[in-house]
Each structure stands twice: as structure tokens, then as C-alpha cells.
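**Student:** Pasting model_25.cif below, which is mmCIF, C-alpha atoms.
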```cif
data_run
loop_
_atom_site.group_PDB
_atom_site.id
_atom_site.type_symbol
_atom_site.label_atom_id
_atom_site.label_comp_id
_atom_site.auth_asym_id
_atom_site.auth_seq_id
_atom_site.Cartn_x
_atom_site.Cartn_y
_atom_site.Cartn_z
ATOM 1 C CA MET A 1 3.861 -26.503 -39.870
ATOM 2 C CA SER A 2 6.711 -24.093 -40.442
ATOM 3 C CA LYS A 3 4.209 -21.381 -41.354
ATOM 4 C CA LEU A 4 2.342 -21.934 -38.082
ATOM 5 C CA GLN A 5 5.599 -21.764 -36.109
ATOM 6 C CA SER A 6 6.657 -18.582 -37.879
ATOM 7 C CA THR A 7 3.217 -17.051 -37.245
ATOM 8 C CA SER A 8 3.366 -17.912 -33.539
ATOM 9 C CA ASN A 9 6.902 -16.559 -33.298
ATOM 10 C CA ASP A 10 5.788 -13.324 -34.950
ATOM 11 C CA THR A 11 2.901 -13.043 -32.495
ATOM 12 C CA LEU A 12 5.201 -13.565 -29.504
ATOM 13 C CA SER A 13 7.684 -11.016 -30.819
ATOM 14 C CA ASN A 14 4.894 -8.506 -31.405
ATOM 15 C CA ASP A 15 3.581 -9.043 -27.857
ATOM 16 C CA SER A 16 7.042 -8.613 -26.330
ATOM 17 C CA SER A 17 7.725 -5.490 -28.386
ATOM 18 C CA SER A 18 4.323 -4.090 -27.402
ATOM 19 C CA THR A 19 5.057 -4.757 -23.722
ATOM 20 C CA SER A 20 8.489 -3.128 -23.934
ATOM 21 C CA SER A 21 6.956 -0.172 -25.754
ATOM 22 C CA SER A 22 4.316 0.206 -23.016
ATOM 23 C CA PHE A 23 6.959 0.160 -20.287
ATOM 24 C CA PHE A 24 9.012 2.693 -22.234
ATOM 25 C CA LYS A 25 6.017 5.017 -22.562
ATOM 26 C CA LEU A 26 5.296 4.610 -18.854
ATOM 27 C CA PHE A 27 8.907 5.472 -18.026
ATOM 28 C CA ILE A 28 8.867 8.550 -20.286
ATOM 29 C CA ALA A 29 5.618 9.731 -18.687
ATOM 30 C CA LEU A 30 7.170 9.263 -15.254
ATOM 31 C CA ILE A 31 10.250 11.255 -16.211
ATOM 32 C CA LYS A 32 8.071 14.148 -17.379
ATOM 33 C CA ASN A 33 6.290 14.377 -14.015
ATOM 34 C CA LYS A 34 8.936 15.455 -11.512
ATOM 35 C CA TRP A 35 6.779 14.994 -8.402
ATOM 36 C CA ALA A 36 5.764 11.489 -9.417
ATOM 37 C CA LEU A 37 9.410 10.691 -10.182
ATOM 38 C CA ILE A 38 10.548 11.987 -6.792
ATOM 39 C CA SER A 39 7.781 9.987 -5.099
ATOM 40 C CA VAL A 40 8.743 6.771 -6.898
ATOM 41 C CA ILE A 41 12.397 7.280 -5.950
ATOM 42 C CA TRP A 42 11.396 7.831 -2.324
ATOM 43 C CA LEU A 43 9.232 4.689 -2.304
ATOM 44 C CA PHE A 44 12.022 2.600 -3.811
ATOM 45 C CA PHE A 45 14.329 4.003 -1.139
ATOM 46 C CA ILE A 46 11.886 3.104 1.650
ATOM 47 C CA VAL A 47 11.460 -0.402 0.250
ATOM 48 C CA PHE A 48 15.254 -0.804 0.069
ATOM 49 C CA VAL A 49 15.618 0.378 3.666
ATOM 50 C CA ALA A 50 12.887 -1.999 4.838
ATOM 51 C CA ILE A 51 14.408 -5.005 3.069
ATOM 52 C CA PHE A 52 17.937 -4.382 4.330
ATOM 53 C CA ALA A 53 16.994 -2.988 7.748
ATOM 54 C CA SER A 54 19.205 -5.451 9.631
ATOM 55 C CA GLU A 55 22.265 -4.355 7.610
ATOM 56 C CA ILE A 56 21.501 -0.622 7.630
ATOM 57 C CA SER A 57 20.450 -0.294 11.267
ATOM 58 C CA PRO A 58 23.435 0.857 13.372
ATOM 59 C CA LEU A 59 22.076 -0.458 16.703
ATOM 60 C CA ASP A 60 19.583 -2.937 18.106
ATOM 61 C CA PRO A 61 16.217 -1.117 17.969
ATOM 62 C CA ASN A 62 15.035 -2.740 21.231
ATOM 63 C CA LYS A 63 18.203 -2.407 23.325
ATOM 64 C CA ASN A 64 17.783 0.008 26.224
ATOM 65 C CA HIS A 65 20.387 2.533 27.371
ATOM 66 C CA ILE A 66 18.654 4.116 30.361
ATOM 67 C CA MET A 67 21.580 6.429 31.132
ATOM 68 C CA GLU A 68 21.308 7.861 27.600
ATOM 69 C CA ARG A 69 17.538 8.292 27.427
ATOM 70 C CA VAL A 70 16.061 11.157 25.338
ATOM 71 C CA SER A 71 19.451 12.013 23.881
ATOM 72 C CA PRO A 72 19.174 14.776 21.234
ATOM 73 C CA PRO A 73 20.020 14.233 17.556
ATOM 74 C CA LEU A 74 23.685 14.080 16.506
ATOM 75 C CA THR A 75 24.766 12.710 19.891
ATOM 76 C CA LEU A 76 28.376 11.463 19.911
ATOM 77 C CA ASP A 77 29.875 8.688 22.010
ATOM 78 C CA LYS A 78 33.027 8.941 24.143
ATOM 79 C CA LYS A 79 35.214 8.317 21.088
ATOM 80 C CA GLY A 80 33.657 11.213 19.219
ATOM 81 C CA GLU A 81 31.778 8.946 16.814
ATOM 82 C CA MET A 82 28.115 9.345 15.924
ATOM 83 C CA LYS A 83 25.900 7.234 18.180
ATOM 84 C CA TYR A 84 22.388 8.674 17.932
ATOM 85 C CA LEU A 85 21.792 10.273 14.552
ATOM 86 C CA ILE A 86 18.242 11.409 15.330
ATOM 87 C CA GLY A 87 18.374 10.949 19.093
ATOM 88 C CA SER A 88 17.107 8.265 21.483
ATOM 89 C CA ASP A 89 13.693 7.671 23.029
ATOM 90 C CA ALA A 90 12.524 7.613 26.642
ATOM 91 C CA LEU A 91 14.095 4.170 27.189
ATOM 92 C CA GLY A 92 17.404 5.049 25.550
ATOM 93 C CA ARG A 93 16.694 3.121 22.353
ATOM 94 C CA ASP A 94 18.163 4.398 19.104
ATOM 95 C CA SER A 95 15.393 6.260 17.279
ATOM 96 C CA PHE A 96 17.105 5.913 13.897
ATOM 97 C CA SER A 97 17.221 2.116 14.183
ATOM 98 C CA ARG A 98 13.606 2.007 15.294
ATOM 99 C CA LEU A 99 12.628 4.255 12.381
ATOM 100 C CA ILE A 100 14.328 1.875 9.935
ATOM 101 C CA TYR A 101 12.653 -1.215 11.368
ATOM 102 C CA GLY A 102 9.350 0.661 11.524
ATOM 103 C CA ALA A 103 9.451 0.933 7.725
ATOM 104 C CA GLN A 104 9.311 -2.861 7.557
ATOM 105 C CA VAL A 105 6.064 -3.009 9.490
ATOM 106 C CA SER A 106 4.414 -0.110 7.671
ATOM 107 C CA LEU A 107 5.191 -1.464 4.199
ATOM 108 C CA LEU A 108 4.446 -5.078 5.120
ATOM 109 C CA VAL A 109 1.061 -4.165 6.563
ATOM 110 C CA GLY A 110 0.309 -1.759 3.708
ATOM 111 C CA PHE A 111 1.098 -4.106 0.822
ATOM 112 C CA SER A 112 -0.270 -7.253 2.493
ATOM 113 C CA ALA A 113 -3.583 -5.665 3.509
ATOM 114 C CA VAL A 114 -4.071 -4.134 0.062
ATOM 115 C CA PHE A 115 -3.265 -7.487 -1.566
ATOM 116 C CA ILE A 116 -5.818 -9.325 0.594
ATOM 117 C CA GLY A 117 -8.473 -6.665 0.184
ATOM 118 C CA GLY A 118 -7.782 -6.304 -3.542
ATOM 119 C CA ILE A 119 -8.046 -10.030 -4.279
ATOM 120 C CA LEU A 120 -11.170 -10.494 -2.177
ATOM 121 C CA GLY A 121 -12.916 -7.360 -3.412
ATOM 122 C CA THR A 122 -12.048 -7.920 -7.070
ATOM 123 C CA LEU A 123 -13.351 -11.498 -7.017
ATOM 124 C CA LEU A 124 -16.607 -10.516 -5.330
ATOM 125 C CA GLY A 125 -17.035 -7.466 -7.561
ATOM 126 C CA ILE A 126 -16.564 -9.460 -10.769
ATOM 127 C CA PHE A 127 -19.032 -12.119 -9.607
ATOM 128 C CA ALA A 128 -21.577 -9.449 -8.641
ATOM 129 C CA GLY A 129 -21.238 -7.547 -11.911
ATOM 130 C CA TYR A 130 -21.206 -10.611 -14.170
ATOM 131 C CA TYR A 131 -24.027 -12.666 -12.649
ATOM 132 C CA GLY A 132 -26.150 -9.818 -11.275
ATOM 133 C CA ARG A 133 -29.531 -10.414 -9.646
ATOM 134 C CA LEU A 134 -29.324 -12.376 -6.366
ATOM 135 C CA VAL A 135 -25.524 -12.639 -6.341
ATOM 136 C CA ASP A 136 -25.221 -8.889 -6.927
ATOM 137 C CA ASP A 137 -27.809 -8.093 -4.249
ATOM 138 C CA ILE A 138 -26.124 -10.235 -1.585
ATOM 139 C CA ILE A 139 -22.601 -8.930 -2.212
ATOM 140 C CA MET A 140 -23.613 -5.273 -2.485
ATOM 141 C CA ARG A 141 -25.792 -5.419 0.628
ATOM 142 C CA LEU A 142 -22.833 -6.836 2.556
ATOM 143 C CA ALA A 143 -20.763 -3.935 1.237
ATOM 144 C CA ASP A 144 -23.441 -1.442 2.331
ATOM 145 C CA ILE A 145 -23.538 -2.961 5.811
ATOM 146 C CA GLN A 146 -19.777 -2.593 6.192
ATOM 147 C CA LEU A 147 -19.836 0.969 4.877
ATOM 148 C CA ALA A 148 -22.504 1.851 7.451
ATOM 149 C CA PHE A 149 -19.908 1.533 10.228
ATOM 150 C CA PRO A 150 -16.755 3.675 10.556
ATOM 151 C CA PHE A 151 -13.850 1.484 9.533
ATOM 152 C CA ILE A 152 -11.543 2.527 12.356
ATOM 153 C CA LEU A 153 -14.179 1.558 14.944
ATOM 154 C CA LEU A 154 -14.640 -1.849 13.313
ATOM 155 C CA ALA A 155 -10.873 -2.341 13.276
ATOM 156 C CA ILE A 156 -10.624 -1.460 16.974
ATOM 157 C CA LEU A 157 -13.495 -3.836 17.783
ATOM 158 C CA PHE A 158 -11.983 -6.798 15.934
ATOM 159 C CA LEU A 159 -8.488 -6.192 17.297
ATOM 160 C CA VAL A 160 -9.847 -6.054 20.839
ATOM 161 C CA VAL A 161 -11.574 -9.408 20.244
ATOM 162 C CA LEU A 162 -8.754 -11.088 18.283
ATOM 163 C CA GLY A 163 -5.891 -9.541 20.245
ATOM 164 C CA GLU A 164 -2.822 -7.671 19.087
ATOM 165 C CA GLY A 165 -0.465 -9.176 16.561
ATOM 166 C CA LEU A 166 0.898 -8.488 13.114
ATOM 167 C CA ILE A 167 -1.163 -11.221 11.406
ATOM 168 C CA ASN A 168 -4.401 -10.069 13.049
ATOM 169 C CA LEU A 169 -3.664 -6.472 12.089
ATOM 170 C CA ILE A 170 -3.058 -7.398 8.434
ATOM 171 C CA LEU A 171 -6.228 -9.511 8.282
ATOM 172 C CA VAL A 172 -8.409 -6.813 9.841
ATOM 173 C CA LEU A 173 -7.062 -4.060 7.589
ATOM 174 C CA GLY A 174 -7.157 -6.335 4.520
ATOM 175 C CA VAL A 175 -10.754 -7.443 4.978
ATOM 176 C CA GLY A 176 -11.714 -3.846 5.633
ATOM 177 C CA GLN A 177 -10.497 -2.781 2.166
ATOM 178 C CA TRP A 178 -12.534 -5.173 0.000
ATOM 179 C CA VAL A 179 -15.581 -2.932 -0.443
ATOM 180 C CA THR A 180 -13.761 -0.333 -2.542
ATOM 181 C CA TYR A 181 -12.396 -2.918 -4.958
ATOM 182 C CA ALA A 182 -15.725 -4.741 -5.139
ATOM 183 C CA ARG A 183 -17.652 -1.619 -6.121
ATOM 184 C CA ILE A 184 -15.105 -0.623 -8.765
ATOM 185 C CA ALA A 185 -14.815 -4.171 -10.170
ATOM 186 C CA ARG A 186 -18.611 -4.555 -10.260
ATOM 187 C CA ALA A 187 -19.163 -1.300 -12.155
ATOM 188 C CA GLN A 188 -16.395 -2.067 -14.640
ATOM 189 C CA THR A 189 -17.621 -5.650 -15.157
ATOM 190 C CA ILE A 190 -21.176 -4.488 -15.871
ATOM 191 C CA SER A 191 -19.871 -2.172 -18.605
ATOM 192 C CA GLN A 192 -17.491 -4.764 -20.059
ATOM 193 C CA LYS A 193 -19.837 -7.762 -20.185
ATOM 194 C CA GLU A 194 -22.045 -6.033 -22.783
ATOM 195 C CA LYS A 195 -19.191 -5.544 -25.234
ATOM 196 C CA GLU A 196 -18.609 -7.505 -28.413
ATOM 197 C CA TYR A 197 -15.618 -9.544 -27.280
ATOM 198 C CA VAL A 198 -17.635 -11.013 -24.392
ATOM 199 C CA GLU A 199 -20.540 -11.833 -26.683
ATOM 200 C CA ALA A 200 -18.113 -13.461 -29.130
ATOM 201 C CA ALA A 201 -16.568 -15.539 -26.322
ATOM 202 C CA LYS A 202 -20.018 -16.722 -25.239
ATOM 203 C CA ALA A 203 -20.891 -17.618 -28.847
ATOM 204 C CA LEU A 204 -17.730 -19.727 -29.071
ATOM 205 C CA GLY A 205 -18.734 -21.635 -25.952
ATOM 206 C CA VAL A 206 -16.124 -20.201 -23.575
ATOM 207 C CA ASN A 207 -17.073 -20.876 -19.955
ATOM 208 C CA ASN A 208 -17.981 -18.073 -17.585
ATOM 209 C CA PHE A 209 -14.848 -18.456 -15.455
ATOM 210 C CA SER A 210 -12.579 -17.949 -18.469
ATOM 211 C CA ILE A 211 -14.618 -14.966 -19.621
ATOM 212 C CA MET A 212 -14.529 -13.287 -16.207
ATOM 213 C CA PHE A 213 -10.861 -13.809 -15.408
ATOM 214 C CA GLY A 214 -9.356 -14.281 -18.864
ATOM 215 C CA SER A 215 -11.181 -11.561 -20.770
ATOM 216 C CA ILE A 216 -12.899 -9.102 -18.435
ATOM 217 C CA LEU A 217 -10.308 -8.888 -15.624
ATOM 218 C CA PRO A 218 -7.412 -7.683 -17.855
ATOM 219 C CA ASN A 219 -9.654 -4.892 -19.162
ATOM 220 C CA ILE A 220 -10.626 -3.613 -15.703
ATOM 221 C CA PHE A 221 -7.179 -3.986 -14.128
ATOM 222 C CA ALA A 222 -6.039 -0.367 -14.608
ATOM 223 C CA PRO A 223 -8.544 1.348 -12.245
ATOM 224 C CA LEU A 224 -7.934 -1.364 -9.639
ATOM 225 C CA ILE A 225 -4.192 -0.640 -9.700
ATOM 226 C CA VAL A 226 -4.907 3.060 -9.167
ATOM 227 C CA ILE A 227 -7.191 2.311 -6.217
ATOM 228 C CA ALA A 228 -4.539 -0.003 -4.750
ATOM 229 C CA SER A 229 -1.880 2.718 -4.842
ATOM 230 C CA PHE A 230 -4.159 5.054 -2.886
ATOM 231 C CA ASN A 231 -5.187 2.304 -0.461
ATOM 232 C CA VAL A 232 -1.595 1.531 0.526
ATOM 233 C CA ALA A 233 -1.377 5.080 1.886
ATOM 234 C CA SER A 234 -4.666 4.776 3.781
ATOM 235 C CA VAL A 235 -3.641 1.409 5.271
ATOM 236 C CA ILE A 236 -0.312 2.850 6.463
ATOM 237 C CA LEU A 237 -2.235 5.659 8.172
ATOM 238 C CA ALA A 238 -4.667 3.159 9.713
ATOM 239 C CA GLU A 239 -1.795 1.021 11.001
ATOM 240 C CA ALA A 240 -0.156 4.102 12.508
ATOM 241 C CA ALA A 241 -3.435 5.131 14.150
ATOM 242 C CA LEU A 242 -4.037 1.669 15.623
ATOM 243 C CA SER A 243 -0.433 1.407 16.823
ATOM 244 C CA PHE A 244 -0.806 4.876 18.352
ATOM 245 C CA LEU A 245 -3.807 3.541 20.290
ATOM 246 C CA GLY A 246 -1.845 0.464 21.359
ATOM 247 C CA LEU A 247 -3.976 -1.944 19.298
ATOM 248 C CA GLY A 248 -1.545 -2.752 16.537
ATOM 249 C CA VAL A 249 1.517 -4.935 16.785
ATOM 250 C CA PRO A 250 3.156 -5.919 20.116
ATOM 251 C CA PRO A 251 5.177 -3.167 21.851
ATOM 252 C CA GLN A 252 8.504 -4.876 21.202
ATOM 253 C CA ILE A 253 8.063 -4.460 17.436
ATOM 254 C CA PRO A 254 9.040 -0.930 16.348
ATOM 255 C CA THR A 255 6.422 0.903 14.290
ATOM 256 C CA TRP A 256 6.076 4.522 13.283
ATOM 257 C CA GLY A 257 2.697 4.782 15.007
ATOM 258 C CA ALA A 258 4.048 3.301 18.232
ATOM 259 C CA MET A 259 6.969 5.751 18.146
ATOM 260 C CA LEU A 260 4.484 8.616 17.939
ATOM 261 C CA ALA A 261 2.479 7.178 20.819
ATOM 262 C CA GLU A 262 5.583 6.822 22.993
ATOM 263 C CA SER A 263 6.615 10.427 22.292
ATOM 264 C CA ARG A 264 3.313 12.186 22.989
ATOM 265 C CA ASP A 265 4.281 12.946 26.600
ATOM 266 C CA HIS A 266 7.473 14.660 25.411
ATOM 267 C CA ILE A 267 5.963 17.055 22.856
ATOM 268 C CA PHE A 268 5.749 19.927 25.332
ATOM 269 C CA ALA A 269 9.080 19.090 27.005
ATOM 270 C CA LYS A 270 11.150 20.545 24.134
ATOM 271 C CA ARG A 271 12.053 17.047 22.916
ATOM 272 C CA TRP A 272 10.815 17.746 19.413
ATOM 273 C CA TRP A 273 12.857 14.996 17.745
ATOM 274 C CA LEU A 274 10.844 12.186 19.342
ATOM 275 C CA PRO A 275 7.570 12.837 17.436
ATOM 276 C CA PHE A 276 9.104 14.728 14.499
ATOM 277 C CA PHE A 277 10.972 11.966 12.669
ATOM 278 C CA PRO A 278 8.333 9.187 12.775
ATOM 279 C CA GLY A 279 5.681 11.764 11.947
ATOM 280 C CA MET A 280 7.646 12.976 8.935
ATOM 281 C CA ALA A 281 8.268 9.380 7.815
ATOM 282 C CA ILE A 282 4.513 8.722 7.823
ATOM 283 C CA LEU A 283 3.741 12.050 6.143
ATOM 284 C CA ILE A 284 6.266 11.731 3.311
ATOM 285 C CA THR A 285 5.538 8.064 2.605
ATOM 286 C CA VAL A 286 1.755 8.528 2.540
ATOM 287 C CA LEU A 287 2.136 11.639 0.384
ATOM 288 C CA ALA A 288 4.389 9.733 -2.034
ATOM 289 C CA PHE A 289 1.846 6.946 -2.452
ATOM 290 C CA ASN A 290 -0.909 9.492 -3.070
ATOM 291 C CA ILE A 291 1.149 11.360 -5.669
ATOM 292 C CA VAL A 292 2.003 8.117 -7.493
ATOM 293 C CA GLY A 293 -1.645 7.065 -7.388
ATOM 294 C CA ASP A 294 -2.750 10.416 -8.779
ATOM 295 C CA TRP A 295 -0.175 10.155 -11.562
ATOM 296 C CA LEU A 296 -1.228 6.593 -12.415
ATOM 297 C CA ARG A 297 -4.850 7.701 -12.605
ATOM 298 C CA ASP A 298 -3.968 10.482 -15.040
ATOM 299 C CA TYR A 299 -1.803 8.149 -17.124
ATOM 300 C CA LEU A 300 -4.166 5.172 -17.275
ATOM 301 C CA ASP A 301 -7.483 7.011 -17.678
ATOM 302 C CA PRO A 302 -8.020 7.634 -21.437
ATOM 303 C CA ARG A 303 -10.804 10.112 -20.757
ATOM 304 C CA LEU A 304 -8.368 12.440 -18.984
ATOM 305 C CA LYS A 305 -6.037 12.178 -21.968
ATOM 306 C CA GLU A 306 -8.870 13.207 -24.275
ATOM 307 C CA ILE A 307 -9.581 16.253 -22.103
ATOM 308 C CA GLU A 308 -5.945 17.258 -22.286
#
```
In C-alpha cells, write the structure found in this file.

**Tutor:**
Amino acid sequence: MSKLQSTSNDTLSNDSSSTSSSFFKLFIALIKNKWALISVIWLFFIVFVAIFASEISPLDPNKNHIMERVSPPLTLDKKGEMKYLIGSDALGRDSFSRLIYGAQVSLLVGFSAVFIGGILGTLLGIFAGYYGRLVDDIIMRLADIQLAFPFILLAILFLVVLGEGLINLILVLGVGQWVTYARIARAQTISQKEKEYVEAAKALGVNNFSIMFGSILPNIFAPLIVIASFNVASVILAEAALSFLGLGVPPQIPTWGAMLAESRDHIFAKRWWLPFFPGMAILITVLAFNIVGDWLRDYLDPRLKEIE
């Protein structure tokens, strides 16, 4: 009994040391890539700002000051203190506060939609790749049908039918992402189910559910994580585009896309700060997610390591 306990303790210690070693290697690889490191720092900063928006925001993002509309950046109040760091919009609302609260919506929609699409697509992809035949045909034909239509047009159609709202926006963008994960999970499952460890599990009488999600899923998780990092960026862009068209969240909720939409009439009126700051927030955040995704792909793909 003591030998079994010591063996199990050794196994647990080896697993924990292996996990810590993997995280250490990941951290070292991140340090060596300065652009990926800068991107990760920026993303952590954006997440921090979004979480503590109510504490960081200097003013109410929806409070109007009509007499101070379209104030330029670095506007001071009567006491000489900073009031509008990056100016105010056409209704006199503080653009800096709206930019901070807009990060909440962008990140919430991005992560939630990717989570929904990733779970749904991964499940369907594993089922299609593992069972094949009729199950594979049905799931892949559904994927082909969705890919036959431009995603942004489908999103506009469903939002017009369902109505605006944060929940509806997340559901539409989430369901629209499943095809990518399903195709990747299917291809990876087909290659994994022919390997020895799956055959050994079948010989031992392990049920299909345990094989799919206990054995195959951990071995196909890396490419799915890479796809997810890229998809967060694409979902943020889609949310901004739909908000720009007035089909995203309600107008009273600040979003980066809505801020761009509200400032389009002021672009040629020398009020550059209105579109500049939300546009740069979208640009830098999307670029950061893409850089991190590209770095994760290089780090997790062993074939790229062999080429190097």
C-alpha cells in the first residue's frame, strides 16, 4: 500500500514539475519575442481597464454636457484641472470614459463569442471526425452551407430579425464561428483516431466518449487555441462593424464601433480626435491578438520548429 502511495505521489510530482517546466518554457519563448511580449502586455492592460472601468473612468460615459460638445483633447475645466483627456463627442460626453467602457463590450463579445463558437465547433468536429460516414456528411454539409453565405450578411440578417442587444450579438457572432473549429477538430480527429493510443483504448474497452474527450481532445487542443486567438480579433472587428451599422448593442452602451459611427460626420470638420482614438483602440487590440496568435502558432507547431 505504501509503495502504491509513493508511486502515485511520484507521478503527481512529475506531472506538476512537467507543467511548471512547460509554463517556464512558454514564458522564456515569450520573452524572446519582443512583439509578442508587447502584445501580451497590451492585452493584459486592456483586460485590466475593462474589469476596473468603473474605477478608472473619470466621468459618466453617458452624461451629456451640450455646452461642451466636441471639446478638443486636453481640455481643462474652470479650475485648471483636466476634464477631457481625449476630448468630448457631439453630445458632450467624455470620450475617454466611453473608450474605457467600450473595452468592456469589445472584450466581452470577443471572448464570449469565441467560447461559444469554439465549444460548439469542437464538439461537432470531433463527432464528425470520429464517427465519419453519415454524421460527418451531415455536419460538414451544414458547414458548407454556412460558408456559402458571407458571414457579415448573415449576422445583419439575424440581428435584424432578433433585434439589437448584447446577448443577441454574442449568440450571432458565436454561432457564426463554429465552422472554423469544426473543420480543424475534424481533420485533427481523423489523424489521431488511427494512432496506437486510440487503438489501445478501444482494446481495453474504453467507451467512445472517453476516447474522444479524454484522449483525442487533449492532443488536438493546441491548434484550436491558436485559431481562438485569431478569432477573438475577427470577432472584435465584426462587433465594431455591426455597431458602426447600428445593429450591435443599444446606443446607450458605449462601444468602439458606435464611437466610430457617431464620429463619421466630423471627419472632414477637423475634429480628428473623434474617430482617431476608437479607431486606434480597435487597430492596436486586433493587431495584438493577431501577433499573439501568430506567436502561439509558431511555438505550438512542432513542424515549424523542425524547419527552424

**Student:** If the PyMOL selection byres ((chain A and resi 32-37) around 9) were run on this exact file, what residues would it hold? Put them as a compact mmCIF listing (two decimals) with C-alpha atoms, in the frame of the given file.

**Tutor:**
```
# COMPACT_ATOMS: atom_id res chain seq x y z
CA PHE A 27 8.91 5.47 -18.03
CA ILE A 28 8.87 8.55 -20.29
CA ALA A 29 5.62 9.73 -18.69
CA LEU A 30 7.17 9.26 -15.25
CA ILE A 31 10.25 11.26 -16.21
CA ILE A 38 10.55 11.99 -6.79
CA SER A 39 7.78 9.99 -5.10
CA VAL A 40 8.74 6.77 -6.90
CA ILE A 41 12.40 7.28 -5.95
CA TRP A 42 11.40 7.83 -2.32
CA ALA A 288 4.39 9.73 -2.03
CA ILE A 291 1.15 11.36 -5.67
CA VAL A 292 2.00 8.12 -7.49
CA GLY A 293 -1.64 7.06 -7.39
CA ASP A 294 -2.75 10.42 -8.78
CA TRP A 295 -0.18 10.15 -11.56
```

**Student:** May I ask for the distance between CA of Ser210 in chain A and CA of Leu123 in chain A, given in Å to one decimal place?

**Tutor:** 13.2 Å

**Student:** Name all residues at most 12 Å from Gly176 in chain A (count only C-alpha atoms; drop same-chain ones fewer than 5 positions away) and give them as an MDAnalysis selection string.

**Tutor:** chainID A and resid 113:118 120:121 142:143 145:147 149:156 158 169:171 181:182 231 234:235 238

**Student:** Just give me the gap between CA of Asp137 in chain A and CA of Arg297 in chain A in Å, one decimal is fine.

**Tutor:**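 CA of Arg297 in chain A lies 29.1 Å from CA of Asp137 in chain A.
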
**Student:** Report as an MDAnalysis selection string all protein, DNA and RNA residues lying within 7 Å of Ala90 in chain A, evaluated on only C-alpha atoms, omitting residues in the same chain fewer than 2 positions from it.

**Tutor:** chainID A and resid 69:70 88 92

**Student:** Please save C-alpha atoms of the selected residues as an mmCIF file, in the frame of the given file.

**Tutor:**
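Final output, saved to result_17.cif:
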```
data_model
loop_
_atom_site.group_PDB
_atom_site.id
_atom_site.type_symbol
_atom_site.label_atom_id
_atom_site.label_comp_id
_atom_site.auth_asym_id
_atom_site.auth_seq_id
_atom_site.Cartn_x
_atom_site.Cartn_y
_atom_site.Cartn_z
ATOM 1 C CA ARG A 69 17.538 8.292 27.427
ATOM 2 C CA VAL A 70 16.061 11.157 25.338
ATOM 3 C CA SER A 88 17.107 8.265 21.483
ATOM 4 C CA GLY A 92 17.404 5.049 25.550
#
```

**Student:** Edge lengths and centre, in Å to one decimal, as AutoDock Vina command-line options: that's what I need for the box along x, y and z that holds all listed atoms of range 126-133 of chain A plus 4 Å on each side.

**Tutor:**
```
--center_x -23.0 --center_y -10.1 --center_z -11.4 --size_x 21.0 --size_y 13.1 --size_z 13.5
```

**Student:** Under the rule that only C-alpha atoms are counted, which of A:Ala128, A:Met67, A:Phe44, A:Phe23 is the nearest residue to Arg141 in chain A?

**Tutor:**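 Ranking A:Ala128, A:Met67, A:Phe44, A:Phe23 by distance to Arg141 in chain A, first place goes to A:Ala128.
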
**Student:** To one decimal place in Å, what is the distance between CA of Glu81 in chain A and CA of Pro58 in chain A?

**Tutor:** 12.1 Å

**Student:** What residues come out when you apply the PyMOL selection byres ((chain A and resi 254) around 10) to this file, written as a list in words?

**Tutor:**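 With the shown file as input, the PyMOL selection byres ((chain A and resi 254) around 10) matches Pro61, Asn62, Ser95, Ser97, Arg98, Leu99, Ile100, Tyr101, Gly102, Ala103, Gln104, Val105, Ser106, Ser243, Val249, Pro250, Pro251, Gln252, Ile253, Thr255, Trp256, Gly257, Ala258 and Met259 of chain A.
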
**Student:** Mind checking which residues fall within 10 Å of Leu217 in chain A, counting all atoms listed in the file, ignoring those fewer than 2 positions away in the same chain, and posting them as a ChimeraX atom specification?

**Tutor:** /A:122-123,126,185,188-189,192,210-215,219-222,224

**Student:** Please list as number ranges by chain every residue within 12 Å of Arg271 in chain A, counting all atoms listed in the file and excluding residues in the same chain fewer than 5 positions away.

**Tutor:** A: 69-73, 86-90, 263-266, 276-277

**Student:** Restricting the calculation to all atoms listed in the file: of A:Leu157, A:Ile184, A:Ala233, A:Ile225, which residue gets closest to Tyr299 in chain A?

**Tutor:**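 Ranked by minimum distance to Tyr299 in chain A, first place goes to A:Ile225.
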
**Student:** Could you check which of A:Val175, A:Ile56, A:Ala269, A:Val226 is closest to Ile119 in chain A, using all atoms listed in the file?

**Tutor:**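 For Ile119 in chain A, the nearest of the given residues is A:Val175.
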
**Student:** Smallest atom-to-atom distance to Val47 in chain A: which of A:Asp144, A:Met82, A:Met280, A:Leu107, using all atoms listed in the file?

**Tutor:** A:Leu107
